[in-house]
Structure formats: structure tokens, C-alpha cells
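**Q** Sharing protein_5.txt, compact mmCIF, C-alpha atoms:
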# COMPACT_ATOMS: atom_id res chain seq x y z
CA MET A 1 -5.17 53.79 43.87
CA THR A 2 -4.07 50.22 43.41
CA ASP A 3 -5.77 46.84 43.61
CA SER A 4 -5.35 44.61 46.56
CA ALA A 5 -3.32 42.36 44.27
CA GLY A 6 -0.97 45.20 43.40
CA ARG A 7 -2.07 45.51 39.77
CA LEU A 8 -3.40 48.61 38.17
CA PRO A 9 -6.69 48.18 36.32
CA GLY A 10 -6.24 48.19 32.56
CA ARG A 11 -2.71 46.85 32.49
CA PRO A 12 -1.82 44.82 29.41
CA GLY A 13 -1.98 41.54 31.32
CA GLU A 14 -5.60 42.13 32.33
CA ARG A 15 -6.64 43.39 28.92
CA SER A 16 -5.16 40.40 27.11
CA ALA A 17 -6.72 37.99 29.63
CA ALA A 18 -10.14 39.35 28.76
CA LYS A 19 -9.51 38.78 25.04
CA ARG A 20 -8.15 35.23 25.38
CA PRO A 21 -10.41 32.47 24.13
CA GLY A 22 -11.76 29.81 26.42
CA ARG A 23 -9.96 26.49 26.47
CA GLY A 24 -12.84 24.70 24.71
CA ALA A 25 -13.01 27.25 21.90
CA ASP A 26 -9.25 27.16 21.53
CA LEU A 27 -9.17 23.37 21.28
CA LEU A 28 -12.15 23.28 18.89
CA THR A 29 -10.50 25.87 16.65
CA GLY A 30 -7.34 23.75 16.55
CA VAL A 31 -9.29 20.65 15.54
CA LEU A 32 -11.23 22.57 12.88
CA LEU A 33 -7.99 23.95 11.47
CA VAL A 34 -6.52 20.44 11.25
CA VAL A 35 -9.63 19.25 9.37
CA ALA A 36 -9.38 22.23 7.01
CA GLU A 37 -5.69 21.53 6.44
CA ALA A 38 -6.43 17.87 5.75
CA ALA A 39 -8.94 18.93 3.10
CA ALA A 40 -6.49 21.43 1.58
CA GLY A 41 -3.73 18.79 1.66
CA ALA A 42 -6.02 16.30 -0.10
CA LEU A 43 -6.72 18.86 -2.82
CA LEU A 44 -2.99 19.52 -3.16
CA VAL A 45 -2.22 15.81 -3.47
CA LEU A 46 -5.05 15.40 -6.00
CA TRP A 47 -3.63 18.25 -8.07
CA LEU A 48 -0.14 16.71 -7.95
CA VAL A 49 -1.46 13.29 -8.99
CA VAL A 50 -3.45 14.74 -11.90
CA ARG A 51 -0.40 16.79 -12.90
CA GLY A 52 1.80 13.69 -12.88
CA MET A 53 -0.69 11.67 -14.90
CA THR A 54 -1.09 14.47 -17.43
CA ARG A 55 2.68 14.78 -17.81
CA SER A 56 3.10 11.05 -18.36
CA HIS A 57 0.32 10.97 -20.97
CA GLU A 58 1.77 13.98 -22.78
CA ALA A 59 5.16 12.33 -22.89
CA ALA A 60 3.67 9.08 -24.18
CA ASP A 61 1.63 10.83 -26.88
CA GLY A 62 4.52 13.02 -28.00
CA LYS A 63 2.68 16.27 -27.21
CA LEU A 64 5.60 17.89 -25.44
CA SER A 65 6.89 20.99 -27.17
CA ALA A 66 10.51 20.07 -26.57
CA PRO A 67 12.01 16.61 -26.43
CA PRO A 68 12.40 15.35 -22.88
CA PRO A 69 15.93 15.30 -21.53
CA ALA A 70 17.78 12.00 -21.46
CA ASP A 71 17.95 12.09 -17.66
CA PRO A 72 15.10 14.26 -16.36
CA GLY A 73 16.28 14.03 -12.76
CA THR A 74 13.98 14.69 -9.84
CA ASP A 75 10.72 16.57 -10.31
CA TRP A 76 10.88 19.16 -7.52
CA THR A 77 7.39 20.59 -8.05
CA PRO A 78 5.68 18.30 -5.50
CA ILE A 79 8.40 19.02 -2.93
CA VAL A 80 8.08 22.78 -3.42
CA ALA A 81 4.26 22.71 -3.37
CA ILE A 82 4.13 20.69 -0.15
CA GLY A 83 6.90 22.87 1.30
CA VAL A 84 4.81 25.98 0.72
CA PHE A 85 1.88 24.22 2.39
CA VAL A 86 4.06 23.40 5.42
CA LEU A 87 5.24 27.01 5.56
CA VAL A 88 1.65 28.27 5.59
CA VAL A 89 0.77 25.89 8.43
CA ALA A 90 3.83 27.05 10.37
CA CYS A 91 2.89 30.72 9.88
CA VAL A 92 -0.64 30.02 11.11
CA ALA A 93 0.85 28.28 14.16
CA VAL A 94 3.06 31.26 14.98
CA ALA A 95 0.19 33.71 14.51
CA LEU A 96 -2.08 31.67 16.79
CA LEU A 97 0.58 31.34 19.47
CA LEU A 98 1.31 35.07 19.41
CA THR A 99 -2.36 35.98 19.78
CA GLY A 100 -2.94 33.75 22.80
CA TRP A 101 -4.55 30.73 21.14
CA HIS A 102 -2.14 28.31 22.79
CA TRP A 103 -3.91 25.00 22.12
CA SER A 104 -4.68 25.83 18.49
CA GLY A 105 -1.19 27.16 17.91
CA GLY A 106 0.36 24.13 19.58
CA ILE A 107 -1.68 21.75 17.44
CA GLN A 108 -0.68 23.69 14.33
CA ALA A 109 2.98 23.59 15.36
CA VAL A 110 2.80 19.80 15.78
CA VAL A 111 1.16 19.44 12.37
CA ALA A 112 3.77 21.72 10.77
CA VAL A 113 6.65 19.76 12.32
CA ALA A 114 5.15 16.41 11.28
CA LEU A 115 4.60 17.61 7.71
CA GLY A 116 8.09 19.11 7.59
CA VAL A 117 9.70 15.88 8.77
CA ALA A 118 7.70 13.86 6.21
CA LEU A 119 8.66 16.33 3.49
CA LEU A 120 12.36 16.15 4.36
CA ALA A 121 12.27 12.36 4.47
CA SER A 122 10.57 12.28 1.08
CA ALA A 123 13.04 14.75 -0.42
CA VAL A 124 16.04 12.82 0.88
CA GLN A 125 14.62 9.52 -0.35
CA GLY A 126 13.69 11.00 -3.74
CA SER A 127 17.08 12.61 -4.35
CA GLY A 128 18.95 9.45 -3.33
CA ARG A 129 17.33 7.26 -5.97
CA ASP A 130 19.54 5.79 -8.62
CA ALA A 131 18.59 5.68 -12.25
CA GLU A 132 16.09 3.00 -13.09
CA GLU A 133 17.63 -0.29 -14.02
CA PRO A 134 16.59 -1.90 -17.29
CA ALA A 135 14.19 -4.82 -17.20
CA PRO A 136 15.90 -8.14 -16.52
CA VAL A 137 16.73 -10.28 -19.53
CA ARG A 138 15.14 -13.69 -19.56
CA ASN A 139 17.76 -16.38 -19.55
CA ALA A 140 16.86 -19.22 -21.90
CA PRO A 141 17.63 -22.78 -20.89
CA PRO A 142 20.70 -24.33 -22.49
CA CYS A 143 20.35 -25.83 -25.93
CA LEU A 144 19.40 -29.49 -25.72
CA SER A 145 19.85 -30.46 -29.37
CA GLY A 146 23.62 -30.28 -29.45
CA GLY A 147 24.23 -26.79 -30.76
CA ASP A 148 23.69 -27.15 -34.56
CA SER A 149 20.05 -26.15 -34.91
CA ASP A 150 18.16 -22.86 -35.16
CA GLU A 151 16.94 -23.44 -31.63
CA CYS A 152 20.43 -23.10 -30.26
CA ALA A 153 21.13 -19.94 -32.23
CA ARG A 154 17.95 -18.27 -30.91
CA SER A 155 18.52 -19.29 -27.31
CA GLY A 156 22.10 -18.10 -27.21
CA GLY A 157 23.37 -21.48 -26.14
Now that the file is in, can you turn its structure into C-alpha cells?
**A**
Amino acid sequence: MTDSAGRLPGRPGERSAAKRPGRGADLLTGVLLVVAEAAAGALLVLWLVVRGMTRSHEAADGKLSAPPPADPGTDWTPIVAIGVFVLVVACVAVALLLTGWHWSGGIQAVVAVALGVALLASAVQGSGRDAEEPAPVRNAPPCLSGGDSDECARSGG
């Protein structure tokens, strides 16, 4: 009634072993997913760059419907968009690991962690920025004519 190995035919361990991908297919799938994520990430970055350029041109041309705030603060849209992308990669990693695609899932987990660390570093750096300092004022040389002329009044000396 039983195998020589002590396992019954059709047990979940044997059924899942038959459905597992080969190591080569698993690794190739992981690499293809990384390439697809790189392409999707490039599209996301392109969208964010075009969005930023459009916003700066609208502000310069006065096309905004409401006046911009005096201190606009940090624009969180890129952080949120990249965060959603990282979350999708992490969900794909978990799904692959749960279905037995260990190499692909492991690669996806590494990519998700790397993107998450980069995102957190960017968010911390972006939120820690101080307000922009005004352009430096050019210091004129001291007045050479003795202080009575127009030159001295213009130079501040």
C-alpha cells in the first residue's frame, strides 16, 4: 500500500514537485521580470520628469488656476508613485515565492528591497531639505575715489 520511501502516491509534496518549474526556467523568468520592471520603471521616471517640466512651465507662464503657495513644500507624488511600484514588485515576489518559483521570487524580493531602500533614502533626503537660499549678492570693491562721487554711492562703499 505504501511506497518504499514511505510516501503515499499523490501526496501534496509529490504533486507540487511535479508542478515546480525547472531551475533554468525559474532563473530566466526572474531575469525577464527584472527587464520588464526596468522598462516599467523607465516609463514611470519619464512620466515624472514630463510632469515636473509641465508643472514648472505652467507656473512660469501663469497658467495655474490658483496662485502657488508661498512655501509649496515637498512634492510627494514621485515618492507615492515609486512606492506603489515597489509595492507591486514586492507582491509579485511574494506570489512567486508562494507558488514555488524560488529563484524568480528571490530576485524580485532583492529588487523590491533595493528599490524600497532607495525610496526611503530619497524621501528622507527630500524632506530634510531646507528652503532654498537666495542668490549671493555680489560684493563690490571698495570705493577708490574717496567717497564723494556717484561711483561710491552705487558701490555701497
**Q** Please provide the set of residues having any atom within 12 Å of A:Trp47, restricted to all atoms listed in the file, with same-chain residues fewer than 5 positions apart removed, written as a PyMOL selection string.
**A** chain A and resi 40-42+52-54+77-78+81-82
**Q** Using all atoms listed in the file, can you tell me which of A:Leu97, A:Val80, A:His102, A:Val86 comes closest to A:Val117?
**A**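 With all atoms listed in the file as the atom set, the closest residue is A:Val86.
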**Q** Using all atoms listed in the file, which protein or nucleic acid residues come within 12 Å of A:Glu37? Drop anything in the same chain fewer than 6 positions from it, and give the result as JSON, numbers by chain.
**A** {"A": [30, 31, 43, 44, 45, 82, 85, 86, 88, 89, 90, 92, 107, 108, 111, 112, 115]}
**Q** With distances taken over all atoms listed in the file, which of A:Ala38, A:Ala93, A:Leu46, A:Leu32 is nearest to A:Val110?
**A**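 When distances to A:Val110 are compared using all atoms listed in the file, the smallest one comes from A:Ala93.
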**Q** Considering only C-alpha atoms, can you say which of A:Ala114, A:Ala109, A:Leu28, A:Leu48 comes closest to A:Trp76?
**A**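 Closest candidate: A:Leu48.
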**Q** Could you tell me how far atom CA of A:Gln125 lies from atom CA of A:Ala36, in Å and to one decimal?
**A**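 That distance, rounded to one decimal, is 28.1 Å.
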**Q** Could you check which of A:Ala95, A:Val124, A:Leu119, A:Trp101 is closest to A:Gly22, using only C-alpha atoms?
**A**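 So, comparing all the options, the nearest one is A:Trp101.
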**Q** Take atom CA of A:Trp103 and atom CA of A:Leu27 and report the distance between them in Å, one decimal.
**A**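 Distance reported for this atom pair: 5.6 Å.
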**Q** Would you compute the distance between atom CA of A:Leu96 and atom CA of A:Leu33? Give it in Å to one decimal.
**A**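 Atom CA of A:Leu33 lies 11.1 Å from atom CA of A:Leu96.
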**Q** Could you check which of A:Ala25, A:Arg55, A:Ile79, A:Val94 is closest to A:Ala121, using all atoms listed in the file?
**A**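 Closest to A:Ala121 of all the choices is A:Ile79.
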